[in-house]
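Undergrad: Questions regarding the structure given below will be posed in turn.
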Amino acid sequence: MLRTLAASPLVLGAAILAGTALSSAAFTPMACAQQMPSALVPAALSSAQVVRATLPNGLRVVIVPNRLAPVVTTEINYLVGSAEAPEGFPGTAHALEHMMFRGSAGLDKDQLAAVGTRLGGSYNADTTEDVTQYFYTAQAQDLPVLLKIEALRMKGLTLSEADWSKERGAIEQEVSRDLSSPAYLYLQQLQSILFSGTPYAHDALGTRPSFDKTDAAHLRDFYEKWYAPNNAVLVIVGDVNPVTALDQVRETFGAIPRKTLPERPKVTPVPPPAKTLTFPTDYPVGFATLAYPMPGRTADNFAVADILSDVLGSQRGALYDLVPQGKALFAGFEYAPKKEAGFGLALAAFPKGGDSAKALSDVRDVLDKIRKNGVPAELVEAAKKREIAQLQFSANSVSGLAAQWSTALAFHNLDAPGDIVAAYQAVTPEAVNRLAATLLDPAHAVTAILTPEASGKPVAGKGFGGAESFASTPDKPVKLPDWAEKALSRLEEPKPTPQPVVSTLPNGLKLIVWPSHVSHTIQLSGEIRQNAALQEPAGKEGVGDLTESLFSYGTTTHDRLGFQKALDDIPAWESAGGGFSLQVLTPDFEKGIALLAENELHPAFPEKAFQIVRMQAAQGQAGLLVSPGFLFGKAVKTALLPEKDPELRNATPQSIMSVSRDDVVKYYQAAWRPDLTTIVVTGDITPEKARSVVEQAFGGWKAEGPKPVVDLPTVPLSKASRANVPDKSSVQNTVVLAETLGLTASHPDHFLLQLGNEVLGGGLFSSRLYRDLRVKTGYVYSVGSSFDWGRTRGAYNIDYGSDPDKVGKARVAALQDLKAMQTAPPTEDELSLAKASLLRSLPLRRASLSGIAAQYLGLEELGLPLDNTDRAAQVYYKATGADVQAAFRKWIRPDDLAQIVKGPTPTW
């Protein structure tokens with residue numbers, strides 16, 4: 001995959017602030033308060049307890065032990081990206097990344113897919129302007145297999161013209177997907193302006209014309225120049241013996257020769273003159289944005305720039321304050337650093353049909369004042385304090401810790417993530433203000449207005465058109481190389497997973513505790529079983545969302561700013577509502593949970609804030625109701641659910657404006673109950689201590705009246721239908737084929753369906769859908785199939801992204817694969833792969849504290865036992881192909897699948 005400029009949430013603000021490349025979150029935990037000594041940096045992010053070496057061929061290796069779970073992540077970083085692409089071929093690095101999954105000498109593409117599936121882990125890649133990364137997460141015992149894969153790809157990639165001709169179709173689908181995103185188009189043009197005349201002027205995606213003229217020889221030339229051990233950094237994190245792991249690395253990579261690397265192009269952008277852009281979008285709200293050149297990750301003043309971005313984006317800052325003032329629906333600032341340069345982005349959201357000029361003027365006024373007067377010193381110190389505390393949480397995720405080390409070594413040119421601490425310690429308010437005065441210069445700002453544009457209504461149809469024949473090649477078992485066969489062929493009977501400590505408080509609140517001492521931190525996740533579709537009064541649709549939004553406006557003890565300051569002072573990361581969370585250092589758990597309970601149990605719901613939030617919600621909903629994304633989701637629900645089903649209820653601007661503050665209070669009192677609440681505590685704590693602290697904070701919470709009904713009614717089986725949702729901004733279609741099911745997750749057959757789906761579409765690179773719709777034909781860029789389970793409902797869907805002229809061909813191929821699951825059992829090889837994938841993936845779900853909490857909360861939401869994973873493992877282990885076939889014949893109805901398409905008019 002490509003690490004693109006923006007993610008794909010509905011609202012651009014969320015897309016930008018949550019996007020991978022546009023977020024400094026990949027390295028935010030590097031700051032620290034001046035009073036915090038460097039010794040407090042965890043060993044996992046410093047050189048302590050870390051084994052490192054540089055092999056004679058130049059390969060740099062870093063091995064970081066982490067005992068959170070029997071899991072390991074390998075991340076190999078090639079120090080080459082789109083910045084090194086030849087002139088006229090901006091997507092070369094991206095294309096080569098794709099071809100790294102098309103086979104190498106000693107491991108062809110089919111074997112690689114089979115090995116990846118048997119590993120049961122997650123494996124993927126991303127391309128940026130500076131670095132191309134390949135990462136695997138699997139069971140720790142499989143580290144030698146992961147190393148062998150990467151060594152074979154490093155020294156002998158196949159790169160055949162036949163493989164590239166097929167992969168070209170898939171990568172061009174990826175281009176279409178990203179060009180269908182208004183956020184991507186905006187950020188792509190922004191980058192071309194800010195980095196004009198440098199290799200960064202073209203982002204890493206590439207273009208269809210450049211891919212059309214790319215051939216295998218062109219890719220091989222790039223590969224031979226840049227893919228070398230002396231141009232790579234290998235990071236290994238997990239439950240491994242570092243000394244043994246290093247010996248394995250030496251044995252596997254040691255014989256690969258080093259290369260003489262080409263000279264790298266220089267990246268020295270010149271600040272551009274001020275410029276204004278305009279973009280139509282399919283988002284429900286508009287955005288006024290201002291972008292400024294900023295330093296890159298290797299710059300001497302990176303730490304100052306990062307703290308400046310934290311302060312500008314703070315909820316206690318002047319920019320965010322536009323939201324509670326009612327001047328913006330959303331406001332924020334984000335820093336997008338690349339290796340040699342970066343940019344900062346300030347934005348404010350305005351309602352569809354709103355005053356974009358006023359929103360832009362408000363943002364400019366805030367930034368002008370900061371440029372002239374500086375930022376509050378206390379916010380600088382708060383940002384530093386939070387950064388050093390957040391550093392402690394890195395060890396709570398195996399793959400996250402690997403990403404931290406990769407970012408430090410490959411992007412920052414550091415020896416360890418913790419090495420930047422000294423730079424953060426040296427940051428002063430004066431330095432931040434000097435940089436703000438320089439960077440926030442209107443003479444070099446790129447202004448953009450993104451305006452919502454309606455794209456039409458769903459177009460209904462009656463059933464499907466004529467089917468198109470599609471012949472796929474027969475399945476053939478894949479013979480693995482001897483080294484992979486020896487390591488992965490045996491399917492071990494699953495062992496029971498240790499269970500958490502579970503207790504119930506006198507008020508009915510369920511507490512689940514999973515101690516883990518990989519860091520001196522504690523994480524709390526909570527969920528209250530609610531259902532707005534059933535609990536919102538008629539005519540008051542939207543009261544649930546209003547209630548959720550108002551939790552951030554303070555408590556009966558602290559106002560909004562006072563509460564945020566109290567969190568900063570600990571520091572703690574907290575959110576309240578129907579789902580709530582807390583992250584805090586171990587010594588501060590009691591302080592943090594006291595604030596969480598204060599917010600959760602005593603929200604202020606201030607009248608002034610209510611009036612503003614209600615108006616903002618109504619304005620936002622007006623745009624949402626006509627946006628293609630909303631219409632697409634609505635079309636899916638309409639196709640599956642009976643008329644007047646509770647899930648078809650939608651808030652309108654009118655229903656939102658009819659809600660009073662009293663309605664919010666009443667809704668809160670009815671829907672927030674301890675006897676419908678589950679709290680999961682993970683981290684550096686004992687079950688006894690967790691129970692004591694939670695009971696002290698939440699024990700006084702009492703439930704009043706009978707429990708509300710929160711389980712949706714069952715639904716009849718859906719029938720075939722068709723809906724097209726036009727979207728002018730898309731050049732690629734998003735397609736969903738979906739139906740309701742006659743069973744839920746409590747039925748034992750759902751395990752067999754999950755196993756069969758691993759064969760069909762859940763197994764990604766080895767699945768039938770991926771093979772037939774992408775690898776063989778290039779019809780799609782992405783394709784998958786999945787089940788959606790609830791306590792009372794179940795649904796099944798196949799989804800893919802495709803060019804309009806390939807939508808029908810892809811659908812025919814998908815239905816053929818689905819029907820094949822019913823006419824014959826999976827082959828022995830397919831079933832073995834699926835079992836290995838699911839069984840070996842089970843420990844990986846516990847490779848982060850947040851993942852452990854999510855697993856338990858998910859089981860509670862479904863009303864399933866906490867050992868449900870062990871029950872699933874036993875079914876997977878014992879199932880036969882005939883069992884899977886029977887389950888698909890009994891429960892799946894290919895002829896009843898509804899088809900819903902968003903984008904241009906497709907060809908069927």
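Every chain in the structure tokens has a letter given in the order shown (A, B, ...), and although residue numbers restart at 1 in each chain, ligands are simply numbered from 1 in the order shown.
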Can you list, as a list of chain:residue names, every protein, DNA or RNA residue that comes within 9 Å of A:Ser782 when you count only C-alpha atoms, leaving out same-chain residues fewer than 4 positions away?
TA: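 The residues that qualify are A:Ala170, A:Gln173, A:Glu174, A:Tyr770, A:Leu773, A:Arg774, A:Asp799, A:Tyr800, A:Gly801, A:Ser802.
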Undergrad: I need the residues from that last selection saved to file as a PDB file, in the first residue's frame (with all heavy atoms), if you can.
TA:
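Heads up, here's the output in again-v9.pdb:
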ATOM      1  N   ALA A 170      -3.634  -3.252 -11.085  1.00  0.00           N
ATOM      2  CA  ALA A 170      -3.997  -3.065  -9.681  1.00  0.00           C
ATOM      3  C   ALA A 170      -3.517  -1.721  -9.150  1.00  0.00           C
ATOM      4  O   ALA A 170      -4.243  -1.015  -8.447  1.00  0.00           O
ATOM      5  CB  ALA A 170      -3.419  -4.201  -8.843  1.00  0.00           C
ATOM      6  N   GLN A 173      -5.607   1.056 -10.221  1.00  0.00           N
ATOM      7  CA  GLN A 173      -6.829   1.133  -9.419  1.00  0.00           C
ATOM      8  C   GLN A 173      -6.562   1.922  -8.135  1.00  0.00           C
ATOM      9  O   GLN A 173      -7.415   2.681  -7.669  1.00  0.00           O
ATOM     10  CB  GLN A 173      -7.318  -0.272  -9.066  1.00  0.00           C
ATOM     11  CG  GLN A 173      -7.770  -1.100 -10.254  1.00  0.00           C
ATOM     12  CD  GLN A 173      -9.028  -0.553 -10.884  1.00  0.00           C
ATOM     13  OE1 GLN A 173      -9.876   0.003 -10.209  1.00  0.00           O
ATOM     14  NE2 GLN A 173      -9.136  -0.692 -12.201  1.00  0.00           N
ATOM     15  N   GLU A 174      -5.379   1.757  -7.565  1.00  0.00           N
ATOM     16  CA  GLU A 174      -5.033   2.516  -6.369  1.00  0.00           C
ATOM     17  C   GLU A 174      -4.966   4.007  -6.690  1.00  0.00           C
ATOM     18  O   GLU A 174      -5.401   4.848  -5.897  1.00  0.00           O
ATOM     19  CB  GLU A 174      -3.699   2.040  -5.799  1.00  0.00           C
ATOM     20  CG  GLU A 174      -3.331   2.726  -4.492  1.00  0.00           C
ATOM     21  CD  GLU A 174      -2.055   2.192  -3.895  1.00  0.00           C
ATOM     22  OE1 GLU A 174      -1.415   1.310  -4.495  1.00  0.00           O
ATOM     23  OE2 GLU A 174      -1.679   2.671  -2.801  1.00  0.00           O
ATOM     24  N   TYR A 770      -9.024 -12.152  -3.915  1.00  0.00           N
ATOM     25  CA  TYR A 770      -7.816 -11.391  -4.225  1.00  0.00           C
ATOM     26  C   TYR A 770      -7.125 -11.980  -5.454  1.00  0.00           C
ATOM     27  O   TYR A 770      -6.682 -11.261  -6.351  1.00  0.00           O
ATOM     28  CB  TYR A 770      -6.878 -11.401  -3.021  1.00  0.00           C
ATOM     29  CG  TYR A 770      -5.666 -10.515  -3.184  1.00  0.00           C
ATOM     30  CD1 TYR A 770      -5.709  -9.175  -2.815  1.00  0.00           C
ATOM     31  CD2 TYR A 770      -4.477 -11.008  -3.714  1.00  0.00           C
ATOM     32  CE1 TYR A 770      -4.606  -8.351  -2.970  1.00  0.00           C
ATOM     33  CE2 TYR A 770      -3.368 -10.191  -3.875  1.00  0.00           C
ATOM     34  CZ  TYR A 770      -3.443  -8.866  -3.493  1.00  0.00           C
ATOM     35  OH  TYR A 770      -2.341  -8.053  -3.651  1.00  0.00           O
ATOM     36  N   LEU A 773      -9.705 -11.428  -8.660  1.00  0.00           N
ATOM     37  CA  LEU A 773     -10.119 -10.073  -9.018  1.00  0.00           C
ATOM     38  C   LEU A 773      -8.943  -9.099  -9.114  1.00  0.00           C
ATOM     39  O   LEU A 773      -9.060  -8.057  -9.751  1.00  0.00           O
ATOM     40  CB  LEU A 773     -11.144  -9.535  -8.013  1.00  0.00           C
ATOM     41  CG  LEU A 773     -12.611  -9.916  -8.288  1.00  0.00           C
ATOM     42  CD1 LEU A 773     -12.839 -11.395  -8.030  1.00  0.00           C
ATOM     43  CD2 LEU A 773     -13.545  -9.101  -7.396  1.00  0.00           C
ATOM     44  N   ARG A 774      -7.838  -9.431  -8.456  1.00  0.00           N
ATOM     45  CA  ARG A 774      -6.696  -8.531  -8.547  1.00  0.00           C
ATOM     46  C   ARG A 774      -5.491  -9.166  -9.245  1.00  0.00           C
ATOM     47  O   ARG A 774      -5.011  -8.657 -10.241  1.00  0.00           O
ATOM     48  CB  ARG A 774      -6.271  -8.045  -7.158  1.00  0.00           C
ATOM     49  CG  ARG A 774      -4.967  -7.255  -7.245  1.00  0.00           C
ATOM     50  CD  ARG A 774      -4.623  -6.479  -6.028  1.00  0.00           C
ATOM     51  NE  ARG A 774      -3.273  -5.930  -6.151  1.00  0.00           N
ATOM     52  CZ  ARG A 774      -2.747  -5.050  -5.340  1.00  0.00           C
ATOM     53  NH1 ARG A 774      -3.455  -4.590  -4.338  1.00  0.00           N
ATOM     54  NH2 ARG A 774      -1.527  -4.611  -5.522  1.00  0.00           N
ATOM     55  N   ASP A 799     -16.789  -6.393  -0.717  1.00  0.00           N
ATOM     56  CA  ASP A 799     -16.573  -5.011  -1.133  1.00  0.00           C
ATOM     57  C   ASP A 799     -15.309  -4.918  -1.974  1.00  0.00           C
ATOM     58  O   ASP A 799     -14.347  -5.649  -1.763  1.00  0.00           O
ATOM     59  CB  ASP A 799     -16.483  -4.082   0.078  1.00  0.00           C
ATOM     60  CG  ASP A 799     -15.357  -4.463   1.016  1.00  0.00           C
ATOM     61  OD1 ASP A 799     -14.227  -3.986   0.824  1.00  0.00           O
ATOM     62  OD2 ASP A 799     -15.594  -5.250   1.958  1.00  0.00           O
ATOM     63  N   TYR A 800     -15.337  -4.002  -2.935  1.00  0.00           N
ATOM     64  CA  TYR A 800     -14.155  -3.795  -3.765  1.00  0.00           C
ATOM     65  C   TYR A 800     -14.182  -2.398  -4.365  1.00  0.00           C
ATOM     66  O   TYR A 800     -15.220  -1.720  -4.377  1.00  0.00           O
ATOM     67  CB  TYR A 800     -14.040  -4.852  -4.871  1.00  0.00           C
ATOM     68  CG  TYR A 800     -15.202  -4.975  -5.828  1.00  0.00           C
ATOM     69  CD1 TYR A 800     -15.254  -4.233  -7.011  1.00  0.00           C
ATOM     70  CD2 TYR A 800     -16.236  -5.869  -5.583  1.00  0.00           C
ATOM     71  CE1 TYR A 800     -16.296  -4.360  -7.912  1.00  0.00           C
ATOM     72  CE2 TYR A 800     -17.289  -6.016  -6.475  1.00  0.00           C
ATOM     73  CZ  TYR A 800     -17.323  -5.262  -7.635  1.00  0.00           C
ATOM     74  OH  TYR A 800     -18.354  -5.389  -8.522  1.00  0.00           O
ATOM     75  N   GLY A 801     -13.031  -1.945  -4.823  1.00  0.00           N
ATOM     76  CA  GLY A 801     -12.900  -0.687  -5.540  1.00  0.00           C
ATOM     77  C   GLY A 801     -12.454  -0.976  -6.958  1.00  0.00           C
ATOM     78  O   GLY A 801     -11.523  -1.759  -7.173  1.00  0.00           O
ATOM     79  N   SER A 802     -13.110  -0.350  -7.937  1.00  0.00           N
ATOM     80  CA  SER A 802     -12.839  -0.700  -9.328  1.00  0.00           C
ATOM     81  C   SER A 802     -13.132   0.479 -10.240  1.00  0.00           C
ATOM     82  O   SER A 802     -13.968   1.330  -9.933  1.00  0.00           O
ATOM     83  CB  SER A 802     -13.719  -1.894  -9.727  1.00  0.00           C
ATOM     84  OG  SER A 802     -13.574  -2.213 -11.084  1.00  0.00           O
TER      85      SER A 802
END
Undergrad: Write out as a PyMOL selection string each polymer residue whose atoms come within 6 Å of stretch 234-244 of chain A, counting only C-alpha atoms; drop sequence neighbours fewer than 5 positions from it.
TA: chain A and resi 61-67+70-76+140+398+402
Undergrad: Show me, as number ranges by chain, the residues that have an atom within 10 Å of stretch 482-487 of chain A when counting only C-alpha atoms, minus same-chain residues fewer than 3 positions from it.
TA: A: 107, 111-112, 114-115, 118-119, 141-142, 144-146, 148-149, 479, 490
Undergrad: What lies within 12 Å of A:Ala217 using only C-alpha atoms, ignoring chain neighbours under 2 positions off, as a list in words?
TA: Thr92, Leu96, Thr158, Leu159, Ser160, Glu161, Ala162, Trp164, Lys213, Thr214, Asp215, Leu219, Arg220, Asp221, Phe222, Tyr223 and Glu224 of chain A
Undergrad: I'd like to know which of A:Ala597, A:Glu334, A:Pro843, A:Gly762 is closest to A:Gly699, using only C-alpha atoms.
TA: A:Ala597
Undergrad: Calculate how many Å separate atom CA of A:Asn733 from atom CA of A:Asn797, rounding to one decimal.
TA: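 Atom-to-atom, atom CA of A:Asn733 and atom CA of A:Asn797 are spaced 16.1 Å apart.
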Undergrad: Among the residues of stretch 288-330 of chain A, find those DSSP assigns to alpha helix (DSSP H) from the backbone and print them as JSON, numbers by chain.
TA: {"A": [302, 303, 304, 305, 306, 307, 308, 309, 310, 311, 312]}
Undergrad: Which residues are close to A:Gly344, i.e. within 10 Å by only C-alpha atoms, leaving aside same-chain residues fewer than 3 positions away? Reply as a VMD selection string.
TA: chain A and resid 22 290 to 295 305 to 306 308 to 309 333 to 337 439 to 440 445
Undergrad: Pick out the residues sitting within 12 Å of A:Ala359, and hand them over as an mmCIF file with N, CA, C and O atoms, in the first residue's frame; count only C-alpha atoms, and ignore anything fewer than 4 positions along from it in its own chain.
TA:
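In the end it all went to around-v9.cif:
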data_model
loop_
_atom_site.group_PDB
_atom_site.id
_atom_site.type_symbol
_atom_site.label_atom_id
_atom_site.label_comp_id
_atom_site.auth_asym_id
_atom_site.auth_seq_id
_atom_site.Cartn_x
_atom_site.Cartn_y
_atom_site.Cartn_z
ATOM 1 N N GLY A 286 -17.589 22.376 4.630
ATOM 2 C CA GLY A 286 -16.489 23.002 3.916
ATOM 3 C C GLY A 286 -15.308 23.248 4.837
ATOM 4 O O GLY A 286 -15.425 23.197 6.069
ATOM 5 N N PHE A 287 -14.157 23.559 4.233
ATOM 6 C CA PHE A 287 -12.957 23.828 5.019
ATOM 7 C C PHE A 287 -12.202 25.027 4.457
ATOM 8 O O PHE A 287 -12.030 25.152 3.245
ATOM 9 N N ALA A 288 -11.769 25.865 5.375
ATOM 10 C CA ALA A 288 -10.846 26.937 5.058
ATOM 11 C C ALA A 288 -9.489 26.539 5.629
ATOM 12 O O ALA A 288 -9.393 26.231 6.822
ATOM 13 N N THR A 289 -8.469 26.514 4.786
ATOM 14 C CA THR A 289 -7.168 26.021 5.237
ATOM 15 C C THR A 289 -6.057 27.001 4.890
ATOM 16 O O THR A 289 -6.122 27.722 3.893
ATOM 17 N N LEU A 290 -5.025 26.973 5.717
ATOM 18 C CA LEU A 290 -3.807 27.745 5.484
ATOM 19 C C LEU A 290 -2.624 26.814 5.714
ATOM 20 O O LEU A 290 -2.510 26.195 6.783
ATOM 21 N N LEU A 319 -6.694 28.476 18.399
ATOM 22 C CA LEU A 319 -7.267 27.968 17.162
ATOM 23 C C LEU A 319 -8.457 27.060 17.449
ATOM 24 O O LEU A 319 -9.539 27.227 16.882
ATOM 25 N N LEU A 322 -11.996 28.455 18.433
ATOM 26 C CA LEU A 322 -13.009 28.865 17.459
ATOM 27 C C LEU A 322 -14.240 27.957 17.523
ATOM 28 O O LEU A 322 -15.357 28.378 17.193
ATOM 29 N N VAL A 323 -14.048 26.703 17.939
ATOM 30 C CA VAL A 323 -15.164 25.755 17.994
ATOM 31 C C VAL A 323 -16.124 26.100 19.125
ATOM 32 O O VAL A 323 -17.326 26.309 18.879
ATOM 33 N N GLY A 326 -18.332 28.982 18.600
ATOM 34 C CA GLY A 326 -19.340 28.876 17.560
ATOM 35 C C GLY A 326 -18.897 29.418 16.221
ATOM 36 O O GLY A 326 -19.712 29.584 15.306
ATOM 37 N N LYS A 327 -17.600 29.678 16.059
ATOM 38 C CA LYS A 327 -17.091 30.234 14.806
ATOM 39 C C LYS A 327 -16.660 29.163 13.815
ATOM 40 O O LYS A 327 -16.402 29.468 12.641
ATOM 41 N N ALA A 328 -16.533 27.919 14.259
ATOM 42 C CA ALA A 328 -16.113 26.825 13.381
ATOM 43 C C ALA A 328 -16.733 25.530 13.880
ATOM 44 O O ALA A 328 -16.929 25.343 15.080
ATOM 45 N N LEU A 329 -17.030 24.639 12.939
ATOM 46 C CA LEU A 329 -17.515 23.316 13.325
ATOM 47 C C LEU A 329 -16.375 22.442 13.820
ATOM 48 O O LEU A 329 -16.574 21.505 14.582
ATOM 49 N N PHE A 330 -15.199 22.768 13.366
ATOM 50 C CA PHE A 330 -13.997 22.019 13.717
ATOM 51 C C PHE A 330 -12.814 22.921 13.434
ATOM 52 O O PHE A 330 -12.848 23.711 12.489
ATOM 53 N N ALA A 331 -11.780 22.835 14.232
ATOM 54 C CA ALA A 331 -10.575 23.626 13.973
ATOM 55 C C ALA A 331 -9.371 22.877 14.520
ATOM 56 O O ALA A 331 -9.461 22.196 15.547
ATOM 57 N N ALA A 346 -3.244 24.608 9.033
ATOM 58 C CA ALA A 346 -4.302 25.079 9.923
ATOM 59 C C ALA A 346 -5.610 25.028 9.160
ATOM 60 O O ALA A 346 -5.647 25.341 7.960
ATOM 61 N N LEU A 347 -6.674 24.632 9.837
ATOM 62 C CA LEU A 347 -7.956 24.549 9.138
ATOM 63 C C LEU A 347 -9.110 24.815 10.079
ATOM 64 O O LEU A 347 -9.010 24.645 11.291
ATOM 65 N N ALA A 348 -10.211 25.247 9.481
ATOM 66 C CA ALA A 348 -11.466 25.437 10.190
ATOM 67 C C ALA A 348 -12.588 24.978 9.283
ATOM 68 O O ALA A 348 -12.581 25.261 8.081
ATOM 69 N N ALA A 349 -13.556 24.260 9.859
ATOM 70 C CA ALA A 349 -14.690 23.757 9.090
ATOM 71 C C ALA A 349 -15.860 24.721 9.196
ATOM 72 O O ALA A 349 -16.111 25.295 10.260
ATOM 73 N N PHE A 350 -16.566 24.884 8.072
ATOM 74 C CA PHE A 350 -17.770 25.721 8.064
ATOM 75 C C PHE A 350 -18.914 24.907 7.460
ATOM 76 O O PHE A 350 -18.682 23.964 6.692
ATOM 77 N N PRO A 351 -20.163 25.208 7.785
ATOM 78 C CA PRO A 351 -21.284 24.414 7.294
ATOM 79 C C PRO A 351 -21.497 24.574 5.804
ATOM 80 O O PRO A 351 -21.102 25.587 5.207
ATOM 81 N N GLY A 354 -22.193 27.835 4.183
ATOM 82 C CA GLY A 354 -21.739 28.835 5.141
ATOM 83 C C GLY A 354 -20.747 29.809 4.550
ATOM 84 O O GLY A 354 -20.393 29.744 3.369
ATOM 85 N N ASP A 355 -20.253 30.686 5.401
ATOM 86 C CA ASP A 355 -19.380 31.782 4.979
ATOM 87 C C ASP A 355 -17.922 31.345 5.047
ATOM 88 O O ASP A 355 -17.294 31.390 6.106
ATOM 89 N N VAL A 363 -9.369 32.118 11.090
ATOM 90 C CA VAL A 363 -8.120 31.365 11.221
ATOM 91 C C VAL A 363 -6.928 32.300 11.056
ATOM 92 O O VAL A 363 -5.944 32.235 11.815
ATOM 93 N N ARG A 364 -6.985 33.187 10.063
ATOM 94 C CA ARG A 364 -5.886 34.130 9.847
ATOM 95 C C ARG A 364 -5.668 35.020 11.065
ATOM 96 O O ARG A 364 -4.525 35.276 11.464
ATOM 97 N N ASP A 365 -6.757 35.481 11.655
ATOM 98 C CA ASP A 365 -6.636 36.362 12.819
ATOM 99 C C ASP A 365 -5.921 35.650 13.966
ATOM 100 O O ASP A 365 -5.051 36.232 14.623
ATOM 101 N N VAL A 366 -6.293 34.377 14.195
ATOM 102 C CA VAL A 366 -5.654 33.615 15.278
ATOM 103 C C VAL A 366 -4.156 33.475 15.012
ATOM 104 O O VAL A 366 -3.314 33.724 15.887
ATOM 105 N N THR A 447 -3.351 29.215 0.674
ATOM 106 C CA THR A 447 -4.722 29.207 1.170
ATOM 107 C C THR A 447 -5.585 28.334 0.264
ATOM 108 O O THR A 447 -5.396 28.319 -0.952
ATOM 109 N N ALA A 448 -6.509 27.599 0.865
ATOM 110 C CA ALA A 448 -7.426 26.786 0.062
ATOM 111 C C ALA A 448 -8.807 26.791 0.696
ATOM 112 O O ALA A 448 -8.937 26.738 1.925
ATOM 113 N N ILE A 449 -9.818 26.879 -0.140
ATOM 114 C CA ILE A 449 -11.211 26.762 0.283
ATOM 115 C C ILE A 449 -11.774 25.500 -0.360
ATOM 116 O O ILE A 449 -11.785 25.363 -1.584
ATOM 117 N N LEU A 450 -12.234 24.576 0.471
ATOM 118 C CA LEU A 450 -12.836 23.337 0.002
ATOM 119 C C LEU A 450 -14.333 23.428 0.259
ATOM 120 O O LEU A 450 -14.764 23.497 1.413
#
